[in-house]
Amino acid sequence: MALRCLSQSSTTFSYLSKICGFRMHGTKAAASVVEEHVSEMVGTERVDEDYADVDWDNLGFSLVRTDYMFATRSCREGNFEQGCLSRYGNIELNPAAGILNYGQGLIEGMKAYRREDGRVLLFRPELNAVRMKKGAERMCMHSPSVQQFIEGVKQTVLANRRWVPPPGKGSLYLRPLLFGSGASLGLSAASEFTFLVFGSPVQNYFKEGTAALNLYVEEVIPRAYLGGSGGVKSISNYGPVLEVMRRAKARGFSDVLYLDAETKKNIEEVSASNIFLVKGNTIVTPATNGTILGGITRKSVIEIAIDLGYKVEERVVPVEELKDAEEVFCTGTATGVASVGSITFQNTRTEYKVGDGLVTQQLGSILVGIQTGSIQDIKNWVVEID
Amino acid sequence: MIKTVSSLLKSHVHIRTLQTFSKYNAQAASALREEGKKPVYQDDEYADMDWDNLGFALTPADYMYVMKCSKDGEFTKGELTRFGTIQLSPSAGVLNYGQAIYEGTKAYRKENGKVLLFRPDHNAVRMQLGAERMLMPSPSVDQFVDAVKQTAFANKRWVPPSGKGSLYIRPLLMGTGPVLGLGPAPEYTFIVYASPVGNYFKEGTAALNLFVEEEHARAAPGGSGGVKSITNYAPVLKALSRAKSLGFSDVLYLDSVKKKYLEEASACNVFLVKGRTIVTPATNGTILEGITRKSVMEIAFDQGYQVVEKAVHVNEIMDADEVFCTGTAVGVAPVGTITYQDKRVEYEAGDESVCQKLRSVLVGIQTGSIKDTKGWVTCIN
């Protein structure tokens with residue numbers, strides 16, 4: 001019955017609750033049915049790699065509806081149920097849900113990559129899991145355990161395997177989402193939370209494709225402030241910068257580089273990526289001090305750079321240093337390692353070296369090589385999900 | 001619109017759930033047919049509630065209002081529907097990027113049973129300003145006020161009897177269309193739902209104990225603190241729950257730059273009283289400009305107090321005779337103590353206080369027992 005629900009249910013979360021309802025009553029029947037169904041699909045597709053009907057050469061970064069999503073809910077005590085897959089579709093929320101009224105939500109961003117031999121890889125998923133846990137603590141939310149998080153992501157990827165682009169054509173972007181689904185009328189933390197994972201095949205984040213970015217330094221509107229939520233991946237950090245991004249994009253910029261709120265003198269990060277400056281053998285990035293998101297791509301690139309013999313500095317970076325850098329690049333799961341061609345601050349536009357043979361390109365290709373399995377993964381960063 | 005709704009209700013026509021209704025042209029009056037369900041609208045004057053024990057938890061009133069639009073479009077075809085879950089894409093802008101703003105207003109019961117709204121046009125304008133800041137289209141002032149009126153009218157049996165509380169009304173504007181990369185949603189939904197409420201704080205009408213928060217700020221210059229964005233609230237839950245666990249009623253936030261100037265509490269503005277002078281932090285972009293705040297300032301001015309909006313240094317709490325908070329949910333609430341660092345300052349509170357005087361005038365106007373000479377009150381039935 002649960003199997004039929006999975007394959008035929010058109011949308012709602014209510015089917016999901018029915019399946020999870022079985023679980024809550026202690027039977028493993030539903031669980032095993034779901035797992036069987038998923039492994040049936042996986043089994044079939046391994047023999048004959050079956051891709052979804054997508055124009056793989058023209059993927060951008062907008063939502064493509066995939067087959068399945070994963071979800072689980074917490075109860076009052078804070079534990080999350082085992083969770084299960086359902087057809088991708090609308091979820092039902094109480095209009096008074098904590099996330100809708102008070103912004104109580106966290107997102108994560110990860111990718112699944114297709115190796116040349118067809119196997120699907122995840123990159124350091126435990127770091128996203130831990131980051132979500134820390135974020136949940138800051139935002140007064142219950143969070144799934146690291147294991148539950150990774151399990152949810154794996155199940156989502158497996159079930160949507162045909163949506164992971166062929167090697168070299170992009171990746172399956174994964175969006176784990178943790179939010180207050182219980183109702184709160186007065187301002188308070190929700191008492192019930194939902195953890196959901198869905199995915200979408202993507203290629204380049206920016207319209208520019210792989211061309212170098214043009215950034216604008218925003219002096220009026222900060223992305224975060226000390227004591228705020230900038231250091232965690234709270235949804236509350238994003239809505240308020242939409243206006244700034246719109247204005248910058250209207251003037252032809254790719255994205256915005258924000259300054260610290262307190263002094264407006266130091267660079268922090270871009271709307272959805274961290275930033276690095278290169279000068280000679282030294283690579284510099286703003287230290288994560290509570291206002292900047294500690295990117296996983298950022299962390300990985302720092303380590304790769306150190307391994308290659310670069311001097312890496314994590315510190316306060318005054319905006320004046322932008323003038324002296326030879327190269328500048330951004331890092332993020334969605335953006336990858338992206339070259340910055342110019343930064344405009346007040347009325348001055350500084351240009352940077354871009355192209356092959358530079359530090360940016362060197363770091364970027366090693367990272368991508370590890371992520372897609374073409375470079376040996378000696379650090380155990382990569383997880384095969386089959 | 002209201003006449004249409006009332007005639008519908010009188011003829012016991014039943015309103016569909018959102019899911020099935022959306023399949024039909026939204027002419028609110030026509031196209032409504034019985035679903036085969038038992039009649040649920042009752043002609044009782046009041047819902048079956050324990051009116052003496054209302055707190056501030058959600059008791060959803062029967063009907064909510066829903067209206068949608070596309071990113072570049074206009075809001076049209078709003079309609080009432082039974083209160084129930086709403087359907088959202090997992091990739092909705094509100095869920096992934098916090099793109100939403102809300103409002104708070106109340107419907108009050110006059111002694112003679114009539115239902116009154118208080119300055120809903122101000123909430124409408126405030127929502128428009130907020131929507132612009134958050135890159136959202138918004139309903140027009142008329143559409144907003146009409147939606148609030150329809151919601152209040154359809155739920156009038158949930159408006160508590162005179163003196164027992166009010167019907168809290170929550171308009172909410174969200175980016176509901178799907179987005180993957182960071183950007184504005186392609187579609188928006190405006191809903192209004194309601195719940196009968198009593199006192200906001202557990203303390204009831206007793207004076208509040210506030211804690212001055214020095215670690216977490218509620219807003220920063222250039223941020224979204226001056227509009228009622230949902231993004232202003234979740235980040236303060238931590239400071240709020242910490243204060244509550246220490247026995248405080250709420251948190252008083254300082255400015256994020258100098259950490260020396262009072263801003264507001266988690267969901268209300270703050271006022272200091274000294275002699276015949278009433279002082280409140282000026283709204284400079286980080287503080288929400290409360291409608292209750294605005295109204296109380298005008299009432300105080302009319303009563304001959306000197307009303308000053310300025311930057312209020314935290315040390316001024318030492319000298320105040322009284323302190324009070326204002327908000328739609330909170331009303332005009334006296335503050336008994338404020339704790340700042342290791343100092344606890346106490347204030348006068350009680351029947352003869354300025355706070356109580358201002359409060360009774362405001363409540364009198366809102367509930368129709370004091371003549372409304374300013375055109376603040378609208379009767380909806």
# chains A, B, ... in the order shown; residues from 1 in each chain; ligands from 1

$ interface_residues --of "chain B" --to "chain A" --cutoff "8 Å" --atoms "only C-alpha atoms" --output "PyMOL selection string"
chain B and resi 56-58+84-91+94-102+133-135+172+174+178-184+193+200+215-224+230-235+237-238+241+256-257+267

$ closest_atom_pairs --of "range 89-156 of chain B" --to "range 60-83 of chain B" --cutoff "7 Å" --atoms "only C-alpha atoms" --output "Markdown table"
| residue | atom | partner | partner_atom | distance |
| --- | --- | --- | --- | --- |
| B:Pro137 | CA | B:Lys71 | CA | 6.6 |
| B:Pro139 | CA | B:Phe75 | CA | 5.8 |
| B:Ala147 | CA | B:Tyr65 | CA | 6.5 |
| B:Thr151 | CA | B:Met64 | CA | 6.1 |
| B:Ala154 | CA | B:Tyr63 | CA | 6.5 |
| B:Asn155 | CA | B:Ala61 | CA | 6.0 |

$ write_last_selection --atoms "N, CA and C atoms" --output "PDB file, in the first residue's frame"
ATOM      1  N   PRO B 137       5.689  42.287  -4.317  1.00  0.00           N
ATOM      2  CA  PRO B 137       4.514  43.105  -4.626  1.00  0.00           C
ATOM      3  C   PRO B 137       3.598  43.035  -3.414  1.00  0.00           C
ATOM      4  N   PRO B 139      -0.525  43.859  -1.666  1.00  0.00           N
ATOM      5  CA  PRO B 139      -1.896  44.278  -1.921  1.00  0.00           C
ATOM      6  C   PRO B 139      -1.995  45.797  -1.739  1.00  0.00           C
ATOM      7  N   ALA B 147      -9.543  42.831   3.004  1.00  0.00           N
ATOM      8  CA  ALA B 147      -9.240  41.460   3.433  1.00  0.00           C
ATOM      9  C   ALA B 147      -9.365  41.338   4.948  1.00  0.00           C
ATOM     10  N   THR B 151     -12.134  39.094   6.923  1.00  0.00           N
ATOM     11  CA  THR B 151     -11.692  38.078   7.885  1.00  0.00           C
ATOM     12  C   THR B 151     -12.355  38.314   9.236  1.00  0.00           C
ATOM     13  N   ALA B 154     -16.226  37.522   8.876  1.00  0.00           N
ATOM     14  CA  ALA B 154     -16.523  36.088   8.751  1.00  0.00           C
ATOM     15  C   ALA B 154     -16.278  35.359  10.069  1.00  0.00           C
ATOM     16  N   ASN B 155     -15.362  35.899  10.872  1.00  0.00           N
ATOM     17  CA  ASN B 155     -15.013  35.252  12.135  1.00  0.00           C
ATOM     18  C   ASN B 155     -15.575  35.983  13.333  1.00  0.00           C
TER      19      ASN B 155
END

$ residues_around --residues "Ser249 in chain B" --least-positions-apart "3" --cutoff "6 Å" --atoms "only C-alpha atoms" --output "list in words"
Leu208, Asn209, Leu210 and Lys244 of chain B

$ atom_distance --atom1 "CA of Ser360 in chain B" --atom2 "CA of Ile299 in chain B"
10.5 Å

$ residues_around --residues "range 49-54 of chain B" --least-positions-apart "2" --cutoff "6 Å" --atoms "only C-alpha atoms" --output "list of chain:residue names"
B:Ala47, B:Val197, B:Gly198

$ residues_around --residues "range 285-297 of chain A" --least-positions-apart "3" --cutoff "10 Å" --atoms "only C-alpha atoms" --output "PyMOL selection string"
chain A and resi 109-110+123-125+127-128+131+223-234+260-261+266-270+272-278+300-303+312-318+328-337+367

$ select_by_dssp --residues "range 118-329 of chain A" --states "strand (DSSP E or B)" --output "ChimeraX atom specification"
/A:120-123,171-180,183,193-202,213-218,234,255-259,266-270,273-279,282-286,311-315,318,327-329

$ closest_residue --among "A:Val120, A:Ala190, A:Ala159, A:Ala338" --to "Thr210 in chain A" --atoms "only C-alpha atoms"
A:Ala338
